[in-house]
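Colleague: Okay, so here is protein13.cif, and as you'll see once you scroll down, it has mmCIF, C-alpha atoms.
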```
data_my_file
loop_
_atom_site.group_PDB
_atom_site.id
_atom_site.type_symbol
_atom_site.label_atom_id
_atom_site.label_comp_id
_atom_site.auth_asym_id
_atom_site.auth_seq_id
_atom_site.Cartn_x
_atom_site.Cartn_y
_atom_site.Cartn_z
ATOM 1 C CA PHE A 1 56.165 -14.868 34.279
ATOM 2 C CA GLY A 2 58.850 -12.154 34.223
ATOM 3 C CA GLY A 3 57.767 -11.176 30.707
ATOM 4 C CA ILE A 4 54.156 -10.706 31.824
ATOM 5 C CA LEU A 5 55.273 -8.547 34.757
ATOM 6 C CA MET A 6 57.374 -6.457 32.383
ATOM 7 C CA GLY A 7 54.333 -5.993 30.141
ATOM 8 C CA ILE A 8 52.234 -4.773 33.072
ATOM 9 C CA PHE A 9 55.132 -2.496 34.064
ATOM 10 C CA PHE A 10 55.043 -0.996 30.559
ATOM 11 C CA GLN A 11 51.285 -0.503 30.870
ATOM 12 C CA GLN A 12 51.579 1.294 34.213
ATOM 13 C CA CYS A 13 54.433 3.433 32.882
ATOM 14 C CA GLY A 14 52.031 4.384 30.107
ATOM 15 C CA TRP A 15 49.444 5.611 32.590
ATOM 16 C CA LEU A 16 52.059 7.635 34.490
ATOM 17 C CA CYS A 17 53.316 9.197 31.269
ATOM 18 C CA HIS A 18 49.710 9.870 30.239
ATOM 19 C CA GLU A 19 49.041 11.831 33.422
ATOM 20 C CA VAL A 20 52.325 13.737 33.276
ATOM 21 C CA CYS A 21 51.953 14.671 29.601
ATOM 22 C CA HIS A 22 48.344 15.756 30.166
ATOM 23 C CA HIS A 23 49.846 18.297 32.602
ATOM 24 C CA GLN A 24 48.010 16.823 35.568
ATOM 25 C CA VAL A 25 51.136 16.762 37.750
ATOM 26 C CA PHE A 26 53.337 19.828 37.200
ATOM 27 C CA LYS A 27 52.340 23.470 36.819
ATOM 28 C CA ASN A 28 55.444 23.987 34.700
ATOM 29 C CA ARG A 29 54.740 22.133 31.456
ATOM 30 C CA ASN A 30 58.417 21.927 30.579
ATOM 31 C CA HIS A 31 59.038 19.979 33.804
ATOM 32 C CA GLY A 32 56.244 17.611 32.830
ATOM 33 C CA ARG A 33 57.713 17.090 29.382
ATOM 34 C CA TRP A 34 61.108 16.042 30.779
ATOM 35 C CA VAL A 35 59.564 13.677 33.334
ATOM 36 C CA GLY A 36 57.496 12.328 30.446
ATOM 37 C CA TYR A 37 60.678 11.490 28.554
ATOM 38 C CA PHE A 38 61.651 9.180 31.407
ATOM 39 C CA TRP A 39 58.327 7.370 31.803
ATOM 40 C CA GLY A 40 57.552 7.398 28.085
ATOM 41 C CA ASN A 41 60.743 7.142 26.040
ATOM 42 C CA VAL A 42 63.061 5.426 28.532
ATOM 43 C CA ALA A 43 60.742 3.234 30.616
ATOM 44 C CA GLN A 44 58.074 2.366 28.050
ATOM 45 C CA GLY A 45 59.738 2.842 24.655
ATOM 46 C CA PHE A 46 57.094 5.257 23.318
ATOM 47 C CA SER A 47 58.127 8.667 21.971
ATOM 48 C CA VAL A 48 56.458 11.475 23.926
ATOM 49 C CA ALA A 49 56.247 13.598 20.763
ATOM 50 C CA TRP A 50 54.597 10.762 18.806
ATOM 51 C CA TRP A 51 52.155 10.030 21.624
ATOM 52 C CA THR A 52 51.289 13.705 22.209
ATOM 53 C CA ASN A 53 50.557 14.300 18.526
ATOM 54 C CA LYS A 54 48.355 11.211 18.238
ATOM 55 C CA HIS A 55 46.636 11.529 21.596
ATOM 56 C CA CYS A 56 45.814 15.236 21.457
ATOM 57 C CA THR A 57 44.209 14.734 18.047
ATOM 58 C CA HIS A 58 42.161 11.889 19.508
ATOM 59 C CA HIS A 59 41.007 14.084 22.402
ATOM 60 C CA ALA A 60 39.898 16.840 20.057
ATOM 61 C CA VAL A 61 37.845 14.557 17.789
ATOM 62 C CA PRO A 62 37.165 11.170 19.471
ATOM 63 C CA ASN A 63 35.460 8.643 17.173
ATOM 64 C CA VAL A 64 35.276 11.191 14.359
ATOM 65 C CA HIS A 65 35.941 10.355 10.697
ATOM 66 C CA ALA A 66 38.011 12.936 8.835
ATOM 67 C CA THR A 67 36.457 14.797 5.916
ATOM 68 C CA GLY A 68 39.147 13.375 3.611
ATOM 69 C CA GLU A 69 42.493 11.600 3.442
ATOM 70 C CA ASP A 70 44.388 14.925 3.652
ATOM 71 C CA ALA A 71 42.267 16.388 6.472
ATOM 72 C CA GLN A 72 43.477 16.727 10.070
ATOM 73 C CA ASN A 73 40.003 16.525 11.655
ATOM 74 C CA GLY A 74 39.745 12.747 12.186
ATOM 75 C CA ASP A 75 40.535 10.496 15.152
ATOM 76 C CA PRO A 76 43.716 8.469 14.451
ATOM 77 C CA ASP A 77 42.670 5.872 17.037
ATOM 78 C CA ILE A 78 39.859 4.585 14.808
ATOM 79 C CA ASP A 79 41.925 4.705 11.626
ATOM 80 C CA THR A 80 42.201 0.917 11.682
ATOM 81 C CA MET A 81 41.192 -0.203 8.199
ATOM 82 C CA PRO A 82 41.599 -2.674 6.597
ATOM 83 C CA LEU A 83 41.845 -4.641 9.865
ATOM 84 C CA LEU A 84 38.892 -3.284 11.860
ATOM 85 C CA ALA A 85 35.802 -1.312 10.807
ATOM 86 C CA TRP A 86 34.011 0.678 13.524
ATOM 87 C CA SER A 87 31.304 2.168 11.310
ATOM 88 C CA ARG A 88 29.484 1.608 8.039
ATOM 89 C CA SER A 89 31.456 4.379 6.365
ATOM 90 C CA MET A 90 34.666 2.543 7.288
ATOM 91 C CA LEU A 91 33.153 -0.661 5.951
ATOM 92 C CA ALA A 92 32.882 0.966 2.527
ATOM 93 C CA LYS A 93 36.695 1.098 2.407
ATOM 94 C CA ALA A 94 36.868 -2.723 2.341
ATOM 95 C CA THR A 95 37.036 -3.055 -1.440
ATOM 96 C CA THR A 96 39.190 -6.148 -2.040
ATOM 97 C CA PRO A 97 38.352 -9.784 -1.190
ATOM 98 C CA THR A 98 41.140 -9.850 1.417
ATOM 99 C CA GLN A 99 39.883 -6.685 3.117
ATOM 100 C CA LYS A 100 36.304 -7.985 3.150
ATOM 101 C CA LYS A 101 37.478 -11.251 4.697
ATOM 102 C CA LEU A 102 39.409 -9.372 7.407
ATOM 103 C CA VAL A 103 36.368 -7.288 8.330
ATOM 104 C CA LYS A 104 34.072 -10.303 8.190
ATOM 105 C CA ASN A 105 36.167 -11.964 10.930
ATOM 106 C CA GLN A 106 37.044 -8.840 12.912
ATOM 107 C CA ALA A 107 35.256 -9.941 16.095
ATOM 108 C CA LEU A 108 37.534 -12.999 16.116
ATOM 109 C CA THR A 109 40.744 -11.166 15.232
ATOM 110 C CA TYR A 110 40.181 -8.275 17.678
ATOM 111 C CA PHE A 111 42.142 -9.734 20.598
ATOM 112 C CA PRO A 112 44.953 -11.205 18.450
ATOM 113 C CA LEU A 113 45.387 -7.752 16.917
ATOM 114 C CA LEU A 114 45.496 -6.131 20.371
ATOM 115 C CA SER A 115 48.244 -8.560 21.370
ATOM 116 C CA ILE A 116 50.586 -7.182 18.691
ATOM 117 C CA ALA A 117 49.511 -3.539 18.998
ATOM 118 C CA ARG A 118 52.620 -2.604 21.002
ATOM 119 C CA ILE A 119 54.869 -3.632 18.101
ATOM 120 C CA SER A 120 53.073 -1.160 15.829
ATOM 121 C CA TRP A 121 53.280 1.617 18.443
ATOM 122 C CA LEU A 122 57.012 1.011 18.952
ATOM 123 C CA GLN A 123 57.637 1.241 15.194
ATOM 124 C CA GLN A 124 55.611 4.450 14.898
ATOM 125 C CA SER A 125 57.479 5.985 17.853
ATOM 126 C CA LEU A 126 60.828 5.234 16.254
ATOM 127 C CA ALA A 127 59.704 6.535 12.846
ATOM 128 C CA TYR A 128 58.474 9.791 14.399
ATOM 129 C CA VAL A 129 61.940 10.838 15.601
ATOM 130 C CA LEU A 130 64.188 8.519 13.554
ATOM 131 C CA PRO A 131 63.108 8.643 9.872
ATOM 132 C CA PRO A 132 65.068 5.513 8.796
ATOM 133 C CA PHE A 133 62.543 3.426 10.780
ATOM 134 C CA ASP A 134 59.631 4.651 8.639
ATOM 135 C CA ILE A 135 57.877 1.972 6.566
ATOM 136 C CA ASP A 136 54.893 3.778 5.004
ATOM 137 C CA GLY A 137 55.914 7.363 4.277
ATOM 138 C CA ASN A 138 53.827 8.682 7.187
ATOM 139 C CA TYR A 139 56.677 8.766 9.735
ATOM 140 C CA GLY A 140 54.422 7.719 12.589
ATOM 141 C CA GLY A 141 51.955 10.530 11.839
ATOM 142 C CA ARG A 142 54.593 13.286 11.820
ATOM 143 C CA VAL A 143 53.874 14.368 8.245
ATOM 144 C CA ILE A 144 51.218 17.097 8.144
ATOM 145 C CA LYS A 145 48.376 15.798 5.984
ATOM 146 C CA GLY A 146 47.905 17.734 2.773
ATOM 147 C CA SER A 147 51.217 19.567 3.205
ATOM 148 C CA GLY A 148 53.226 17.681 0.616
ATOM 149 C CA GLY A 149 55.566 16.153 3.158
ATOM 150 C CA VAL A 150 56.116 18.879 5.781
ATOM 151 C CA PHE A 151 57.111 17.476 9.196
ATOM 152 C CA LYS A 152 55.588 18.591 12.494
ATOM 153 C CA PRO A 153 58.199 20.105 14.856
ATOM 154 C CA VAL A 154 59.456 18.068 17.829
ATOM 155 C CA HIS A 155 60.606 19.551 21.143
ATOM 156 C CA ASN A 156 64.019 18.274 22.282
ATOM 157 C CA GLU A 157 64.266 15.799 19.416
ATOM 158 C CA ASN A 158 67.730 14.561 20.370
ATOM 159 C CA ALA A 159 66.534 13.916 23.933
ATOM 160 C CA GLU A 160 63.686 11.847 22.477
ATOM 161 C CA ARG A 161 66.191 9.784 20.486
ATOM 162 C CA VAL A 162 68.502 9.263 23.460
ATOM 163 C CA GLY A 163 65.561 8.204 25.627
ATOM 164 C CA LEU A 164 64.469 5.570 23.115
ATOM 165 C CA LEU A 165 68.055 4.324 22.775
ATOM 166 C CA LEU A 166 68.302 3.914 26.557
ATOM 167 C CA HIS A 167 65.031 1.977 26.556
ATOM 168 C CA TYR A 168 66.265 -0.591 24.056
ATOM 169 C CA VAL A 169 69.671 -0.898 25.727
ATOM 170 C CA TRP A 170 68.208 -1.849 29.107
ATOM 171 C CA TYR A 171 65.347 -3.885 27.627
ATOM 172 C CA PHE A 172 67.621 -6.069 25.514
ATOM 173 C CA ALA A 173 70.106 -6.299 28.407
ATOM 174 C CA VAL A 174 67.302 -7.895 30.442
ATOM 175 C CA MET A 175 66.501 -10.209 27.540
ATOM 176 C CA TYR A 176 70.132 -11.317 27.154
ATOM 177 C CA SER A 177 70.358 -12.052 30.880
ATOM 178 C CA ALA A 178 67.793 -14.854 30.455
ATOM 179 C CA PRO A 179 69.088 -18.414 31.094
ATOM 180 C CA SER A 180 68.645 -19.439 27.435
ATOM 181 C CA TRP A 181 67.750 -17.938 24.070
ATOM 182 C CA ILE A 182 64.320 -19.583 24.328
ATOM 183 C CA ASP A 183 63.701 -17.874 27.679
ATOM 184 C CA GLY A 184 64.854 -14.581 26.177
ATOM 185 C CA LEU A 185 62.528 -14.972 23.221
ATOM 186 C CA LEU A 186 59.602 -15.836 25.506
ATOM 187 C CA PHE A 187 60.403 -12.761 27.594
ATOM 188 C CA VAL A 188 60.182 -10.510 24.513
ATOM 189 C CA ILE A 189 56.960 -12.129 23.273
ATOM 190 C CA LEU A 190 55.173 -12.148 26.641
ATOM 191 C CA SER A 191 56.213 -8.619 27.611
ATOM 192 C CA ASN A 192 54.967 -7.156 24.343
ATOM 193 C CA VAL A 193 51.780 -9.233 24.170
ATOM 194 C CA SER A 194 50.759 -8.553 27.781
ATOM 195 C CA CYS A 195 51.443 -4.834 27.376
ATOM 196 C CA GLY A 196 49.556 -4.625 24.079
ATOM 197 C CA LEU A 197 46.544 -6.471 25.464
ATOM 198 C CA SER A 198 46.393 -4.582 28.762
ATOM 199 C CA LEU A 199 46.747 -1.145 27.151
ATOM 200 C CA ALA A 200 44.530 -1.712 24.130
ATOM 201 C CA LEU A 201 41.801 -3.393 26.197
ATOM 202 C CA VAL A 202 41.415 -0.166 28.190
ATOM 203 C CA PHE A 203 41.541 1.971 25.032
ATOM 204 C CA GLY A 204 38.841 -0.191 23.466
ATOM 205 C CA LEU A 205 36.609 0.033 26.521
ATOM 206 C CA GLY A 206 36.882 3.805 26.458
ATOM 207 C CA HIS A 207 35.501 4.427 22.970
ATOM 208 C CA ASN A 208 35.050 1.388 20.742
ATOM 209 C CA GLY A 209 31.454 0.456 20.049
ATOM 210 C CA MET A 210 30.245 3.945 21.005
ATOM 211 C CA ALA A 211 28.852 6.629 18.671
ATOM 212 C CA VAL A 212 30.934 7.455 15.580
ATOM 213 C CA TYR A 213 30.519 10.733 13.682
ATOM 214 C CA ASP A 214 31.620 12.304 10.421
ATOM 215 C CA ALA A 215 33.620 15.479 10.991
ATOM 216 C CA ALA A 216 31.055 17.616 9.190
ATOM 217 C CA HIS A 217 28.174 16.369 11.365
ATOM 218 C CA ARG A 218 29.627 16.006 14.845
ATOM 219 C CA PRO A 219 27.878 17.524 17.886
ATOM 220 C CA ASP A 220 29.333 20.277 20.061
ATOM 221 C CA TYR A 221 32.387 19.598 22.200
ATOM 222 C CA TRP A 222 30.883 18.283 25.428
ATOM 223 C CA LYS A 223 28.213 16.144 23.761
ATOM 224 C CA LEU A 224 30.862 14.706 21.436
ATOM 225 C CA GLN A 225 33.048 13.710 24.392
ATOM 226 C CA VAL A 226 30.162 12.131 26.353
ATOM 227 C CA THR A 227 28.443 10.228 23.538
ATOM 228 C CA THR A 228 31.637 8.709 22.129
ATOM 229 C CA THR A 229 32.926 7.530 25.500
ATOM 230 C CA ARG A 230 32.207 4.645 27.894
ATOM 231 C CA ASN A 231 33.032 4.622 31.611
ATOM 232 C CA VAL A 232 33.930 1.460 33.532
ATOM 233 C CA THR A 233 32.315 0.842 36.918
ATOM 234 C CA GLN A 234 34.417 0.288 40.039
ATOM 235 C CA ASP A 235 35.043 -2.936 41.957
ATOM 236 C CA PRO A 236 35.343 -3.189 45.769
ATOM 237 C CA LEU A 237 39.116 -3.830 45.682
ATOM 238 C CA GLY A 238 40.034 -0.942 43.381
ATOM 239 C CA PHE A 239 41.516 -3.245 40.729
ATOM 240 C CA VAL A 240 39.648 -1.573 37.840
ATOM 241 C CA HIS A 241 40.846 1.907 38.811
ATOM 242 C CA TRP A 242 44.455 0.665 39.049
ATOM 243 C CA PHE A 243 44.348 -1.445 35.880
ATOM 244 C CA CYS A 244 42.746 1.341 33.829
ATOM 245 C CA GLY A 245 45.074 4.024 35.164
ATOM 246 C CA GLY A 246 42.137 6.277 36.026
ATOM 247 C CA LEU A 247 40.622 5.879 32.555
ATOM 248 C CA ASP A 248 37.706 3.997 34.058
ATOM 249 C CA TYR A 249 36.500 7.622 34.369
ATOM 250 C CA GLN A 250 37.087 8.142 30.661
ATOM 251 C CA VAL A 251 34.139 10.515 30.175
ATOM 252 C CA GLU A 252 35.385 12.897 32.855
ATOM 253 C CA HIS A 253 38.955 12.645 31.596
ATOM 254 C CA HIS A 254 37.833 13.622 28.101
ATOM 255 C CA LEU A 255 35.832 16.572 29.371
ATOM 256 C CA PHE A 256 38.646 17.770 31.651
ATOM 257 C CA PRO A 257 41.962 16.324 30.359
ATOM 258 C CA THR A 258 44.172 18.163 32.872
ATOM 259 C CA MET A 259 42.178 16.987 35.917
ATOM 260 C CA PRO A 260 44.294 14.651 38.112
ATOM 261 C CA ARG A 261 43.153 11.101 38.739
ATOM 262 C CA HIS A 262 42.167 11.590 42.375
ATOM 263 C CA SER A 263 39.558 14.226 41.441
ATOM 264 C CA LEU A 264 37.743 12.166 38.803
ATOM 265 C CA ALA A 265 35.344 10.330 41.157
ATOM 266 C CA GLU A 266 33.754 13.538 42.433
ATOM 267 C CA CYS A 267 33.699 14.933 38.908
ATOM 268 C CA ASN A 268 31.931 11.745 37.795
ATOM 269 C CA ARG A 269 28.999 12.419 40.122
ATOM 270 C CA ARG A 270 28.635 15.989 38.872
ATOM 271 C CA VAL A 271 28.889 15.071 35.191
ATOM 272 C CA GLN A 272 26.254 12.335 35.498
ATOM 273 C CA LYS A 273 23.904 14.815 37.137
ATOM 274 C CA PHE A 274 24.575 17.398 34.409
ATOM 275 C CA CYS A 275 23.976 14.878 31.612
ATOM 276 C CA LYS A 276 20.698 13.760 33.190
ATOM 277 C CA GLU A 277 19.515 17.369 33.424
ATOM 278 C CA HIS A 278 20.307 17.941 29.735
ATOM 279 C CA ASP A 279 18.982 14.558 28.551
ATOM 280 C CA VAL A 280 22.307 13.357 27.128
ATOM 281 C CA THR A 281 23.079 9.622 27.316
ATOM 282 C CA TYR A 282 25.851 8.808 29.796
ATOM 283 C CA HIS A 283 27.103 5.241 29.420
ATOM 284 C CA GLU A 284 28.792 3.327 32.233
ATOM 285 C CA THR A 285 29.173 -0.432 32.594
ATOM 286 C CA ASN A 286 31.582 -3.006 33.999
ATOM 287 C CA MET A 287 34.733 -4.190 32.261
ATOM 288 C CA TRP A 288 33.322 -7.491 31.034
ATOM 289 C CA VAL A 289 30.032 -6.134 29.688
ATOM 290 C CA GLY A 290 31.914 -3.271 28.046
ATOM 291 C CA THR A 291 34.234 -5.706 26.274
ATOM 292 C CA LEU A 292 31.229 -7.709 25.051
ATOM 293 C CA GLU A 293 29.697 -4.486 23.731
ATOM 294 C CA VAL A 294 32.854 -3.853 21.713
ATOM 295 C CA LEU A 295 32.860 -7.381 20.275
ATOM 296 C CA ASN A 296 29.122 -7.254 19.507
ATOM 297 C CA HIS A 297 29.562 -3.954 17.703
ATOM 298 C CA LEU A 298 32.369 -5.411 15.591
ATOM 299 C CA GLN A 299 30.169 -8.388 14.765
ATOM 300 C CA GLU A 300 27.237 -6.144 13.781
ATOM 301 C CA ILE A 301 29.457 -4.326 11.276
ATOM 302 C CA ALA A 302 30.838 -7.650 10.033
ATOM 303 C CA GLU A 303 27.317 -8.990 9.493
ATOM 304 C CA GLU A 304 26.842 -6.462 6.703
ATOM 305 C CA VAL A 305 29.791 -7.976 4.840
ATOM 306 C CA ILE A 306 28.379 -11.454 5.410
ATOM 307 C CA GLU A 307 24.978 -10.390 4.040
ATOM 308 C CA ASP A 308 26.503 -8.842 0.921
ATOM 309 C CA PHE A 309 29.147 -11.522 0.353
ATOM 310 C CA PRO A 310 27.886 -14.722 2.049
ATOM 311 C CA ALA A 311 30.382 -17.016 0.280
ATOM 312 C CA MET A 312 33.451 -15.228 1.671
#
```
Spit out the file's structure as structure tokens when you get a sec.

Modeller:
Amino acid sequence: FGGILMGIFFQQCGWLCHEVCHHQVFKNRNHGRWVGYFWGNVAQGFSVAWWTNKHCTHHAVPNVHATGEDAQNGDPDIDTMPLLAWSRSMLAKATTPTQKKLVKNQALTYFPLLSIARISWLQQSLAYVLPPFDIDGNYGGRVIKGSGGVFKPVHNENAERVGLLLHYVWYFAVMYSAPSWIDGLLFVILSNVSCGLSLALVFGLGHNGMAVYDAAHRPDYWKLQVTTTRNVTQDPLGFVHWFCGGLDYQVEHHLFPTMPRHSLAECNRRVQKFCKEHDVTYHETNMWVGTLEVLNHLQEIAEEVIEDFPAM
């Protein structure tokens, strides 16, 4: 039970860091960055520099495929091949029997993959500021694509490293305080699985199964943000708003990234009205239907593999 609570703690730290690093809290951005080091690096174990690089790219081009492997104009959040294909153009990258089998079963493997997502994010965070932890030559996305290996600069890099070190010191201290090694192991597994599921579920609801564009044929900024994004409707107790960290208003957050959480509800009413006036589809549904939409979309893409390779 303690491991699950720790996982939810990590998730909520993520939302706090998200708001701080989107400059929704402090006028002075340097103040926000240092508070972000606490909630991100120390409390959650995610490098602020790694997250900022990945997340700002996502905001600029949500659900957009890059024009090429060396281009910077694609969304890293949908760069999930060979495990998950979100569009037919991604499906074309499944060229080996193993890759085709993975995509064929992606609706079944979606939640198991979410459960281990935190492990991947932790590794990428470490690789971004501590090169020895790199495993693929990408250094957590720090290498500028097409540059021949040039690294992106990192503010206060040593502070980032110290923050991550402090995270692992206190996290493993908690693990070693468990009554037995089995309890300690369960704590590590449950804390990482519950965090991965609770974070990635919200990420998936926000964009997965929505429109996907090629970089050369994407619409203008505001239509891109609205058509690639799904909102989640509220419940009477406010659980959805708390669990999603304000990203139940994902459309409004993408249109106005620096807007604080408490202003999103009013913004939501205005944006819906604006979209209706301009005949642009605005999609909002509850958490359960939204999750089914994601799974159904994955299955629709997988069906194309099944049709082409029925024996796999």

Colleague: Restrict the calculation to all atoms listed in the file, then for each residue of stretch 210-290 of chain A with any atom at most 12 Å from an atom of stretch 15-18 of chain A give the closest atom pair and their distance in Å to one decimal, rows by chain and rising residue number, as a Markdown table.

Modeller:
```
| residue | atom | partner | partner_atom | distance |
| --- | --- | --- | --- | --- |
| A:His241 | CA | A:Trp15 | CA | 11.2 |
| A:Trp242 | CA | A:Trp15 | CA | 9.5 |
| A:Phe243 | CA | A:Trp15 | CA | 9.3 |
| A:Cys244 | CA | A:Trp15 | CA | 8.0 |
| A:Gly245 | CA | A:Trp15 | CA | 5.3 |
| A:Gly246 | CA | A:Trp15 | CA | 8.1 |
| A:Leu247 | CA | A:Trp15 | CA | 8.8 |
| A:Asp248 | CA | A:Trp15 | CA | 11.9 |
| A:His253 | CA | A:His18 | CA | 11.2 |
| A:Pro257 | CA | A:His18 | CA | 10.1 |
| A:Thr258 | CA | A:His18 | CA | 10.3 |
| A:Met259 | CA | A:His18 | CA | 11.8 |
| A:Pro260 | CA | A:His18 | CA | 10.7 |
| A:Arg261 | CA | A:Trp15 | CA | 10.4 |
```

Colleague: Around (53.2, 9.6, 14.8) in the file's frame, which residues reach within 8 Å when counting only C-alpha atoms? Return as a ChimeraX atom specification?

Modeller: /A:49-51,53-54,124-125,127-128,138-142

Colleague: In Å, how far is it from atom CA of A:Pro153 to atom CA of A:Arg29?

Modeller: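 Interatomic distance here is 17.1 Å.
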
Colleague: Between A:Phe256, A:Val129, A:Arg118, A:Met90, which has the minimum distance to A:Val154 (counting all atoms listed in the file)?

Modeller: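 The shortest atom-to-atom distance to A:Val154 comes from A:Val129.
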
Colleague: For atom CA of A:Phe38 and atom CA of A:Asn156, quote the distance in Å rounded to one decimal.

Modeller: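 Atom CA of A:Asn156 lies at a distance of 13.1 Å from atom CA of A:Phe38.
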
Colleague: Rounded to one decimal place, report the atom CA of A:His23-atom CA of A:Val35 distance in Å.

Modeller: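 Atom CA of A:His23 sits 10.8 Å away from atom CA of A:Val35.
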
Colleague: Report as a list in words the residues that result from applying the PyMOL selection byres ((chain A and resi 283) around 6) to the structure here.

Modeller: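 Written out, the selection comes to Arg230, Tyr282 and Glu284 of chain A.
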
Colleague: Compare A:Met6, A:Met210, A:Leu102, A:Val48 by their minimum atom-to-atom distance to A:Pro62, counting all atoms listed in the file, and give me the closest one.

Modeller: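 Among the listed residues, the smallest separation from A:Pro62 belongs to A:Met210.
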
Colleague: For A:Val20, work out the shell of residues within 8 Å, counting all atoms listed in the file and skipping chain neighbours fewer than 5 positions away, then give it as a ChimeraX atom specification.

Modeller: /A:25-26,32-33,35-36

Colleague: So, counting all atoms listed in the file, which residue among A:Arg218, A:His254, A:Lys223, A:His262 is closest to A:Thr281?

Modeller: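 Using all atoms listed in the file, the shortest distance to A:Thr281 belongs to A:Lys223.
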
Colleague: What lies within 12 Å of A:Val226 using all atoms listed in the file, ignoring chain neighbours under 4 positions off, as an MDAnalysis selection string?

Modeller: chainID A and resid 59 61:63 206:207 210:212 219:222 230:231 249:256 268 271:272 274:276 278:284

Colleague: Could you expand the PyMOL selection byres ((chain A and resi 298) around 12) into the explicit residues it covers here, written as number ranges by chain?

Modeller: A: 83-88, 90-91, 102-111, 204, 208-210, 291-297, 299-305

Colleague: Give me the result of the PyMOL selection byres ((chain A and resi 214) around 6) on this file, residue by residue, as a list in words.

Modeller: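 That expression, the PyMOL selection byres ((chain A and resi 214) around 6), corresponds here to Val64, His65, Tyr213, Ala215, Ala216 and His217 of chain A.
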